[in-house]
>>> print(open('entry_34.pdb').read())   # PDB, C-alpha atoms, pLDDT in the B column
ATOM      1  CA  MET U 245      61.015 103.140  68.650  1.00 53.00           C
ATOM      2  CA  ASN U 246      61.240 102.695  64.909  1.00 75.00           C
ATOM      3  CA  THR U 247      64.918 103.462  64.517  1.00 91.00           C
ATOM      4  CA  LYS U 248      66.593 100.879  62.347  1.00 95.00           C
ATOM      5  CA  PRO U 249      69.668  99.228  63.872  1.00 96.00           C
ATOM      6  CA  PHE U 250      72.849 100.185  62.033  1.00 96.00           C
ATOM      7  CA  SER U 251      76.280  98.605  61.696  1.00 96.00           C
ATOM      8  CA  GLN U 252      79.098 100.582  60.086  1.00 95.00           C
ATOM      9  CA  ALA U 253      80.984  97.319  59.509  1.00 94.00           C
ATOM     10  CA  CYS U 254      78.054  95.994  57.420  1.00 96.00           C
ATOM     11  CA  GLU U 255      78.032  99.210  55.433  1.00 95.00           C
ATOM     12  CA  ASN U 256      81.774  98.925  54.790  1.00 96.00           C
ATOM     13  CA  ASN U 257      81.884  95.256  53.819  1.00 97.00           C
ATOM     14  CA  LYS U 258      78.624  94.739  51.907  1.00 98.00           C
ATOM     15  CA  GLU U 259      80.055  95.548  48.453  1.00 98.00           C
ATOM     16  CA  PRO U 260      83.245  93.430  48.740  1.00 98.00           C
ATOM     17  CA  ILE U 261      81.135  90.492  50.005  1.00 98.00           C
ATOM     18  CA  LEU U 262      78.552  90.996  47.241  1.00 98.00           C
ATOM     19  CA  THR U 263      81.277  90.814  44.581  1.00 98.00           C
ATOM     20  CA  ILE U 264      82.037  87.241  45.712  1.00 98.00           C
ATOM     21  CA  LEU U 265      78.406  86.215  46.277  1.00 98.00           C
ATOM     22  CA  LYS U 266      77.318  87.347  42.787  1.00 98.00           C
ATOM     23  CA  ARG U 267      79.701  84.808  41.353  1.00 98.00           C
ATOM     24  CA  ALA U 268      79.404  82.097  44.012  1.00 98.00           C
ATOM     25  CA  PHE U 269      75.604  82.102  44.283  1.00 98.00           C
ATOM     26  CA  ALA U 270      74.903  82.515  40.548  1.00 98.00           C
ATOM     27  CA  SER U 271      73.208  79.095  40.381  1.00 97.00           C
ATOM     28  CA  SER U 272      71.695  79.067  43.892  1.00 98.00           C
ATOM     29  CA  THR U 273      67.956  79.471  44.481  1.00 98.00           C
ATOM     30  CA  VAL U 274      67.369  79.823  48.266  1.00 98.00           C
ATOM     31  CA  VAL U 275      70.031  81.297  50.556  1.00 98.00           C
ATOM     32  CA  LEU U 276      69.744  80.984  54.328  1.00 98.00           C
ATOM     33  CA  GLU U 277      71.527  83.843  56.083  1.00 98.00           C
ATOM     34  CA  ILE U 278      72.491  82.703  59.575  1.00 98.00           C
ATOM     35  CA  GLY U 279      72.697  85.569  62.054  1.00 98.00           C
ATOM     36  CA  SER U 280      71.364  88.451  59.953  1.00 98.00           C
ATOM     37  CA  GLY U 281      72.085  90.977  62.718  1.00 97.00           C
ATOM     38  CA  THR U 282      70.824  94.429  61.746  1.00 97.00           C
ATOM     39  CA  GLY U 283      69.341  93.226  58.439  1.00 98.00           C
ATOM     40  CA  GLN U 284      71.528  95.504  56.285  1.00 98.00           C
ATOM     41  CA  HIS U 285      73.201  92.619  54.454  1.00 98.00           C
ATOM     42  CA  ALA U 286      69.858  90.878  53.822  1.00 98.00           C
ATOM     43  CA  VAL U 287      68.323  93.953  52.175  1.00 98.00           C
ATOM     44  CA  HIS U 288      71.426  94.762  50.140  1.00 98.00           C
ATOM     45  CA  PHE U 289      72.079  91.230  48.897  1.00 98.00           C
ATOM     46  CA  ALA U 290      68.429  90.443  48.107  1.00 98.00           C
ATOM     47  CA  HIS U 291      68.151  93.566  45.948  1.00 98.00           C
ATOM     48  CA  ALA U 292      71.426  92.809  44.168  1.00 98.00           C
ATOM     49  CA  LEU U 293      70.688  89.086  43.654  1.00 98.00           C
ATOM     50  CA  PRO U 294      67.100  89.063  42.354  1.00 98.00           C
ATOM     51  CA  HIS U 295      67.416  85.524  40.931  1.00 98.00           C
ATOM     52  CA  LEU U 296      67.383  83.975  44.411  1.00 98.00           C
ATOM     53  CA  ILE U 297      65.263  83.916  47.559  1.00 98.00           C
ATOM     54  CA  TRP U 298      67.075  85.437  50.558  1.00 98.00           C
ATOM     55  CA  GLN U 299      66.014  84.033  53.935  1.00 98.00           C
ATOM     56  CA  PRO U 300      67.300  86.072  56.920  1.00 98.00           C
ATOM     57  CA  SER U 301      67.420  84.485  60.371  1.00 98.00           C
ATOM     58  CA  ASP U 302      68.563  85.415  63.857  1.00 98.00           C
ATOM     59  CA  ARG U 303      67.742  85.264  67.542  1.00 96.00           C
ATOM     60  CA  PRO U 304      64.289  86.636  68.532  1.00 97.00           C
ATOM     61  CA  GLU U 305      65.630  89.955  69.881  1.00 97.00           C
ATOM     62  CA  ASN U 306      67.105  90.897  66.482  1.00 97.00           C
ATOM     63  CA  LEU U 307      64.050  90.108  64.333  1.00 98.00           C
ATOM     64  CA  PRO U 308      62.229  93.484  64.813  1.00 97.00           C
ATOM     65  CA  GLY U 309      65.289  95.417  63.588  1.00 97.00           C
ATOM     66  CA  ILE U 310      65.621  93.203  60.505  1.00 98.00           C
ATOM     67  CA  ALA U 311      61.890  93.753  59.826  1.00 98.00           C
ATOM     68  CA  LEU U 312      62.418  97.553  59.857  1.00 98.00           C
ATOM     69  CA  TRP U 313      65.116  97.287  57.182  1.00 97.00           C
ATOM     70  CA  ARG U 314      62.887  95.011  55.113  1.00 97.00           C
ATOM     71  CA  GLU U 315      59.912  97.396  55.427  1.00 97.00           C
ATOM     72  CA  ASP U 316      62.052 100.334  54.302  1.00 95.00           C
ATOM     73  CA  ALA U 317      63.442  98.492  51.266  1.00 94.00           C
ATOM     74  CA  PRO U 318      61.009  95.714  50.349  1.00 94.00           C
ATOM     75  CA  SER U 319      62.003  93.169  47.759  1.00 96.00           C
ATOM     76  CA  GLU U 320      59.921  90.290  46.409  1.00 97.00           C
ATOM     77  CA  ASN U 321      62.767  87.832  46.965  1.00 98.00           C
ATOM     78  CA  LEU U 322      63.495  88.933  50.564  1.00 98.00           C
ATOM     79  CA  ARG U 323      61.589  86.766  53.031  1.00 98.00           C
ATOM     80  CA  ALA U 324      60.619  87.851  56.526  1.00 98.00           C
ATOM     81  CA  ALA U 325      63.336  86.988  59.049  1.00 98.00           C
ATOM     82  CA  ILE U 326      62.797  83.797  61.006  1.00 98.00           C
ATOM     83  CA  GLU U 327      63.979  82.791  64.457  1.00 98.00           C
ATOM     84  CA  LEU U 328      66.830  80.304  64.212  1.00 97.00           C
ATOM     85  CA  ASP U 329      68.237  78.466  67.199  1.00 95.00           C
ATOM     86  CA  ILE U 330      71.178  76.501  65.817  1.00 94.00           C
ATOM     87  CA  ASP U 331      70.505  73.743  68.373  1.00 90.00           C
ATOM     88  CA  ASN U 332      66.848  73.315  67.376  1.00 92.00           C
ATOM     89  CA  PRO U 333      66.454  71.047  64.301  1.00 89.00           C
ATOM     90  CA  GLN U 334      62.796  72.129  63.917  1.00 92.00           C
ATOM     91  CA  GLN U 335      63.744  75.739  63.196  1.00 94.00           C
ATOM     92  CA  TRP U 336      65.987  75.102  60.174  1.00 97.00           C
ATOM     93  CA  PRO U 337      64.281  75.917  56.850  1.00 97.00           C
ATOM     94  CA  LYS U 338      65.118  74.385  53.461  1.00 97.00           C
ATOM     95  CA  PHE U 339      67.948  76.047  51.498  1.00 98.00           C
ATOM     96  CA  ASP U 340      70.508  75.243  48.825  1.00 98.00           C
ATOM     97  CA  ALA U 341      73.119  77.827  49.871  1.00 98.00           C
ATOM     98  CA  ALA U 342      74.048  79.441  53.187  1.00 98.00           C
ATOM     99  CA  PHE U 343      75.752  82.677  54.214  1.00 98.00           C
ATOM    100  CA  SER U 344      76.894  83.935  57.586  1.00 98.00           C
ATOM    101  CA  ALA U 345      78.865  87.055  58.485  1.00 98.00           C
ATOM    102  CA  ASN U 346      80.629  87.896  61.738  1.00 97.00           C
ATOM    103  CA  THR U 347      79.008  85.071  63.681  1.00 98.00           C
ATOM    104  CA  ALA U 348      81.674  82.411  64.324  1.00 98.00           C
ATOM    105  CA  HIS U 349      83.643  84.638  66.723  1.00 98.00           C
ATOM    106  CA  ILE U 350      80.623  85.770  68.769  1.00 97.00           C
ATOM    107  CA  MET U 351      79.163  82.264  69.157  1.00 96.00           C
ATOM    108  CA  SER U 352      80.866  79.807  71.463  1.00 97.00           C
ATOM    109  CA  TRP U 353      83.229  77.473  69.601  1.00 98.00           C
ATOM    110  CA  GLN U 354      80.809  74.630  70.325  1.00 97.00           C
ATOM    111  CA  THR U 355      77.932  76.546  68.695  1.00 96.00           C
ATOM    112  CA  ALA U 356      80.083  77.585  65.729  1.00 98.00           C
ATOM    113  CA  GLN U 357      80.924  73.915  65.139  1.00 98.00           C
ATOM    114  CA  LYS U 358      77.227  73.037  65.413  1.00 97.00           C
ATOM    115  CA  MET U 359      76.375  75.705  62.817  1.00 98.00           C
ATOM    116  CA  ILE U 360      78.903  74.288  60.346  1.00 98.00           C
ATOM    117  CA  ASN U 361      77.723  70.717  61.004  1.00 98.00           C
ATOM    118  CA  GLU U 362      74.044  71.614  60.510  1.00 97.00           C
ATOM    119  CA  VAL U 363      74.798  73.483  57.263  1.00 98.00           C
ATOM    120  CA  GLY U 364      76.837  70.516  56.040  1.00 98.00           C
ATOM    121  CA  LYS U 365      74.029  68.121  56.925  1.00 97.00           C
ATOM    122  CA  ARG U 366      71.311  70.170  55.191  1.00 98.00           C
ATOM    123  CA  LEU U 367      73.004  71.485  52.042  1.00 98.00           C
ATOM    124  CA  PRO U 368      72.282  69.532  48.860  1.00 98.00           C
ATOM    125  CA  LYS U 369      75.213  68.117  46.877  1.00 98.00           C
ATOM    126  CA  ASN U 370      77.319  70.959  45.420  1.00 98.00           C
ATOM    127  CA  GLY U 371      75.487  73.491  47.634  1.00 98.00           C
ATOM    128  CA  LEU U 372      77.636  76.374  48.893  1.00 98.00           C
ATOM    129  CA  PHE U 373      78.339  77.879  52.313  1.00 99.00           C
ATOM    130  CA  ALA U 374      79.986  81.314  52.543  1.00 98.00           C
ATOM    131  CA  LEU U 375      81.369  82.362  55.950  1.00 98.00           C
ATOM    132  CA  TYR U 376      82.705  85.893  56.480  1.00 98.00           C
ATOM    133  CA  GLY U 377      84.810  87.147  59.375  1.00 98.00           C
ATOM    134  CA  PRO U 378      88.294  87.304  60.913  1.00 98.00           C
ATOM    135  CA  PHE U 379      90.363  84.123  61.265  1.00 98.00           C
ATOM    136  CA  ASN U 380      93.746  83.233  62.723  1.00 98.00           C
ATOM    137  CA  TYR U 381      96.164  81.247  60.578  1.00 98.00           C
ATOM    138  CA  GLN U 382      98.483  78.684  62.209  1.00 97.00           C
ATOM    139  CA  GLY U 383      97.444  80.107  65.577  1.00 96.00           C
ATOM    140  CA  LYS U 384      98.611  83.635  64.672  1.00 98.00           C
ATOM    141  CA  TYR U 385      96.699  86.888  64.302  1.00 98.00           C
ATOM    142  CA  THR U 386      96.770  88.413  60.834  1.00 97.00           C
ATOM    143  CA  SER U 387      96.942  91.969  62.258  1.00 98.00           C
ATOM    144  CA  ASP U 388      97.290  93.949  65.477  1.00 98.00           C
ATOM    145  CA  SER U 389      93.688  95.115  65.099  1.00 97.00           C
ATOM    146  CA  ASN U 390      92.501  91.477  65.073  1.00 98.00           C
ATOM    147  CA  ARG U 391      94.564  90.753  68.186  1.00 98.00           C
ATOM    148  CA  HIS U 392      92.975  93.738  69.993  1.00 98.00           C
ATOM    149  CA  PHE U 393      89.535  92.669  68.769  1.00 97.00           C
ATOM    150  CA  ASP U 394      90.074  89.120  70.043  1.00 98.00           C
ATOM    151  CA  GLU U 395      91.207  90.414  73.461  1.00 98.00           C
ATOM    152  CA  TRP U 396      88.110  92.626  73.611  1.00 98.00           C
ATOM    153  CA  LEU U 397      85.820  89.695  72.694  1.00 98.00           C
ATOM    154  CA  LYS U 398      87.341  87.383  75.317  1.00 97.00           C
ATOM    155  CA  ALA U 399      87.159  90.069  78.005  1.00 98.00           C
ATOM    156  CA  ARG U 400      83.452  90.395  77.211  1.00 97.00           C
ATOM    157  CA  ASP U 401      82.843  86.640  77.111  1.00 98.00           C
ATOM    158  CA  PRO U 402      85.537  83.937  77.404  1.00 98.00           C
ATOM    159  CA  GLU U 403      83.480  81.731  75.015  1.00 98.00           C
ATOM    160  CA  GLN U 404      83.931  84.262  72.210  1.00 98.00           C
ATOM    161  CA  GLY U 405      87.030  84.807  70.099  1.00 98.00           C
ATOM    162  CA  ILE U 406      88.569  84.713  66.632  1.00 98.00           C
ATOM    163  CA  ARG U 407      88.600  81.119  65.375  1.00 98.00           C
ATOM    164  CA  ASP U 408      91.559  79.265  63.887  1.00 98.00           C
ATOM    165  CA  PHE U 409      91.208  78.813  60.136  1.00 98.00           C
ATOM    166  CA  GLU U 410      92.619  75.272  60.246  1.00 98.00           C
ATOM    167  CA  ALA U 411      90.182  74.181  62.974  1.00 98.00           C
ATOM    168  CA  VAL U 412      87.195  75.646  61.103  1.00 98.00           C
ATOM    169  CA  VAL U 413      88.255  73.952  57.852  1.00 98.00           C
ATOM    170  CA  ASP U 414      88.660  70.654  59.700  1.00 98.00           C
ATOM    171  CA  VAL U 415      85.157  70.841  61.203  1.00 98.00           C
ATOM    172  CA  ALA U 416      83.720  71.687  57.776  1.00 98.00           C
ATOM    173  CA  LEU U 417      85.560  68.790  56.130  1.00 98.00           C
ATOM    174  CA  ASN U 418      84.060  66.382  58.695  1.00 98.00           C
ATOM    175  CA  ALA U 419      80.642  67.865  57.830  1.00 98.00           C
ATOM    176  CA  GLY U 420      81.127  67.016  54.143  1.00 98.00           C
ATOM    177  CA  LEU U 421      82.160  70.528  53.121  1.00 98.00           C
ATOM    178  CA  LYS U 422      85.234  71.059  50.952  1.00 98.00           C
ATOM    179  CA  LEU U 423      86.921  74.476  51.084  1.00 98.00           C
ATOM    180  CA  ILE U 424      87.036  75.846  47.554  1.00 98.00           C
ATOM    181  CA  GLU U 425      87.951  79.511  48.183  1.00 98.00           C
ATOM    182  CA  ASP U 426      89.630  81.644  50.844  1.00 98.00           C
ATOM    183  CA  ASN U 427      89.032  85.234  49.758  1.00 98.00           C
ATOM    184  CA  PRO U 428      90.861  88.162  51.396  1.00 98.00           C
ATOM    185  CA  MET U 429      88.500  90.949  52.429  1.00 97.00           C
ATOM    186  CA  PRO U 430      88.941  94.504  53.752  1.00 95.00           C
ATOM    187  CA  ALA U 431      89.752  95.135  57.424  1.00 95.00           C
ATOM    188  CA  ASN U 432      91.696  91.844  57.836  1.00 97.00           C
ATOM    189  CA  ASN U 433      88.657  89.645  57.253  1.00 98.00           C
ATOM    190  CA  ARG U 434      88.156  86.631  54.957  1.00 98.00           C
ATOM    191  CA  LEU U 435      85.285  85.127  53.025  1.00 98.00           C
ATOM    192  CA  LEU U 436      85.561  81.328  53.091  1.00 98.00           C
ATOM    193  CA  LEU U 437      83.554  79.328  50.576  1.00 98.00           C
ATOM    194  CA  TRP U 438      82.744  75.631  50.945  1.00 98.00           C
ATOM    195  CA  GLN U 439      80.998  73.188  48.631  1.00 98.00           C
ATOM    196  CA  LYS U 440      78.992  70.178  49.810  1.00 98.00           C
ATOM    197  CA  GLN U 441      80.620  66.985  48.567  1.00 97.00           C
TER     198      GLN U 441
END
>>> encode(input="entry_34.pdb", output="C-alpha cells")
Amino acid sequence: MNTKPFSQACENNKEPILTILKRAFASSTVVLEIGSGTGQHAVHFAHALPHLIWQPSDRPENLPGIALWREDAPSENLRAAIELDIDNPQQWPKFDAAFSANTAHIMSWQTAQKMINEVGKRLPKNGLFALYGPFNYQGKYTSDSNRHFDEWLKARDPEQGIRDFEAVVDVALNAGLKLIEDNPMPANNRLLLWQKQ
C-alpha cells in the first residue's frame, strides 16, 4: 500500500499560499508545519523555499503518507515528519516560524486555542505564524459554500466548525501574537499572519 495520499484542495491552494510565504518567511530559518496532512504542502514549500528548514508534523496515522511524499520528492531542507500532540509539551520542536493549513476547523475549539497559545509561547520575538483556512467575520459566513461546509463539519463532529475571525485574533493577541496581515485566498479562505511581540 504505497499509494500517496492526495488532497485536491492542497493542489489548488499551494501556489497562492506559497506567494505569501515566500515574502513572509524570507528571513525565517526553521518552519514548523502543524498538521501536515497528506504532505503535499511540505514537499512543495520546502522545494520552493530552500533557504529554510521545513519541519512537517501530524498525528501518528498521517506520518506514513507524509513520508511517501517526501521519498518521492526528497529535499535537503525537508525534515522527516514528526508526531505532534498539541497537548504534549515534550513533542514540540524548536522553530522560529510556524504554518498551519485547514486545521483550526477540524480541531476542537479548545485544541485550536491551545495550538495558538503554544505557538505564541514558543516563537521567538518577531517570529511569524501563518494560519490558512476559512473564517467567519462578525459571526457571518463569507459564502454559501462555507456555510454548507460548516454544517457538514458539525454534522460529522459537533466539536468541529469554522472559527470566528475575531475570536481567533483575540486568542492570538493574548498569546503575544499581533495580527499583521489578513490575506484573501481562493475558495473563500484566508491566510492570517501574526508576529510575536
>>> resolve_selection(input="entry_34.pdb", expression="the PyMOL selection byres ((chain U and resi 403) around 12)", output="list in words")
Ala348, His349, Ile350, Met351, Ser352, Trp353, Gln354, Thr355, Ala356, Asp394, Glu395, Trp396, Leu397, Lys398, Ala399, Arg400, Asp401, Pro402, Gln404, Gly405, Ile406 and Arg407 of chain U
>>> closest_residue(input="entry_34.pdb", among="U:Pro300, U:Pro428, U:Gly281, U:Gly364", to="Cys254 (chain U)", atoms="only C-alpha atoms")
U:Gly281
>>> closest_residue(input="entry_34.pdb", among="U:Leu417, U:Leu265, U:Leu276, U:Ala345", to="Arg434 (chain U)", atoms="only C-alpha atoms")
U:Ala345
>>> residues_around(input="entry_34.pdb", residues="region 370-376 of chain U", least_positions_apart="2", cutoff="8 Å", atoms="all atoms listed in the file", output="ChimeraX atom specification")
/U:268-269,272,340-346,363,367-368,378,433-441
>>> atom_distance(input="entry_34.pdb", atom1="CA of Asn390 (chain U)", atom2="CA of Asn361 (chain U)")
25.8 Å
>>> residues_around(input="entry_34.pdb", residues="Lys258 (chain U)", least_positions_apart="5", cutoff="9 Å", atoms="all atoms listed in the file", output="VMD selection string")
chain U and resid 253 263 284 to 285 288 to 289
>>> closest_residue(input="entry_34.pdb", among="U:Lys248, U:Glu277, U:Leu293, U:Thr347", to="Leu312 (chain U)", atoms="all atoms listed in the file")
U:Lys248
>>> atom_distance(input="entry_34.pdb", atom1="CA of Gln299 (chain U)", atom2="CA of Arg323 (chain U)")
5.3 Å
>>> closest_residue(input="entry_34.pdb", among="U:Asn246, U:Gln335, U:Asn418, U:Thr273", to="Asp316 (chain U)", atoms="all atoms listed in the file")
U:Asn246
>>> atom_distance(input="entry_34.pdb", atom1="CA of Gly377 (chain U)", atom2="CA of Gly279 (chain U)")
12.5 Å
>>> closest_residue(input="entry_34.pdb", among="U:Glu305, U:Ile360, U:Phe409, U:Ala290", to="Tyr385 (chain U)", atoms="only C-alpha atoms")
U:Phe409
>>> closest_residue(input="entry_34.pdb", among="U:Asp329, U:Asp408, U:Glu255, U:Glu425", to="Asp302 (chain U)", atoms="all atoms listed in the file")
U:Asp329
>>> axis_aligned_box(input="entry_34.pdb", around="region 365-377 of chain U", padding_each_side="5 Å", output="JSON")
{"center_x": 78.1, "center_y": 77.6, "center_z": 52.4, "size_x": 23.5, "size_y": 29.0, "size_z": 24.0}
>>> resolve_selection(input="entry_34.pdb", expression="the PyMOL selection byres ((chain U and resi 324) around 12)", output="ChimeraX atom specification")
/U:276-277,280,283,286-287,290,297-302,307-315,318-323,325-327
>>> build_atoms(input="entry_34.pdb", residues="region 382-403 of chain U", atoms="N, CA and C atoms", output="short mmCIF file (atom, residue, chain, number, x, y, z; two decimals), in the coordinates of the input")
data_model
loop_
_atom_site.label_atom_id
_atom_site.label_comp_id
_atom_site.auth_asym_id
_atom_site.auth_seq_id
_atom_site.Cartn_x
_atom_site.Cartn_y
_atom_site.Cartn_z
N GLN U 382 97.42 79.36 61.46
CA GLN U 382 98.48 78.68 62.21
C GLN U 382 98.64 79.29 63.61
N GLY U 383 97.48 79.59 64.21
CA GLY U 383 97.44 80.11 65.58
C GLY U 383 97.90 81.55 65.72
N LYS U 384 98.10 82.25 64.60
CA LYS U 384 98.61 83.64 64.67
C LYS U 384 97.58 84.63 64.14
N TYR U 385 97.56 85.80 64.78
CA TYR U 385 96.70 86.89 64.30
C TYR U 385 97.25 87.42 62.99
N THR U 386 96.34 87.86 62.12
CA THR U 386 96.77 88.41 60.83
C THR U 386 97.05 89.91 60.93
N SER U 387 96.69 90.53 62.08
CA SER U 387 96.94 91.97 62.26
C SER U 387 96.85 92.31 63.74
N ASP U 388 97.41 93.46 64.10
CA ASP U 388 97.29 93.95 65.48
C ASP U 388 95.83 94.25 65.82
N SER U 389 95.10 94.77 64.84
CA SER U 389 93.69 95.12 65.10
C SER U 389 92.88 93.85 65.42
N ASN U 390 93.19 92.74 64.76
CA ASN U 390 92.50 91.48 65.07
C ASN U 390 92.88 90.98 66.47
N ARG U 391 94.13 91.16 66.84
CA ARG U 391 94.56 90.75 68.19
C ARG U 391 93.80 91.55 69.25
N HIS U 392 93.71 92.89 69.05
CA HIS U 392 92.98 93.74 69.99
C HIS U 392 91.50 93.36 70.04
N PHE U 393 90.94 93.06 68.86
CA PHE U 393 89.54 92.67 68.77
C PHE U 393 89.29 91.36 69.53
N ASP U 394 90.20 90.41 69.36
CA ASP U 394 90.07 89.12 70.04
C ASP U 394 90.16 89.30 71.56
N GLU U 395 91.07 90.14 72.02
CA GLU U 395 91.21 90.41 73.46
C GLU U 395 89.92 91.04 74.00
N TRP U 396 89.35 91.96 73.21
CA TRP U 396 88.11 92.63 73.61
C TRP U 396 86.96 91.61 73.69
N LEU U 397 86.87 90.73 72.70
CA LEU U 397 85.82 89.70 72.69
C LEU U 397 85.93 88.80 73.93
N LYS U 398 87.15 88.33 74.21
CA LYS U 398 87.34 87.38 75.32
C LYS U 398 87.14 88.04 76.68
N ALA U 399 87.41 89.35 76.75
CA ALA U 399 87.16 90.07 78.00
C ALA U 399 85.65 90.18 78.23
N ARG U 400 84.91 90.29 77.14
CA ARG U 400 83.45 90.40 77.21
C ARG U 400 82.82 89.05 77.55
N ASP U 401 83.37 87.99 76.92
CA ASP U 401 82.84 86.64 77.11
C ASP U 401 83.94 85.65 76.72
N PRO U 402 84.44 84.87 77.68
CA PRO U 402 85.54 83.94 77.40
C PRO U 402 85.21 82.90 76.32
N GLU U 403 83.90 82.69 76.05
CA GLU U 403 83.48 81.73 75.02
C GLU U 403 83.66 82.30 73.61
#
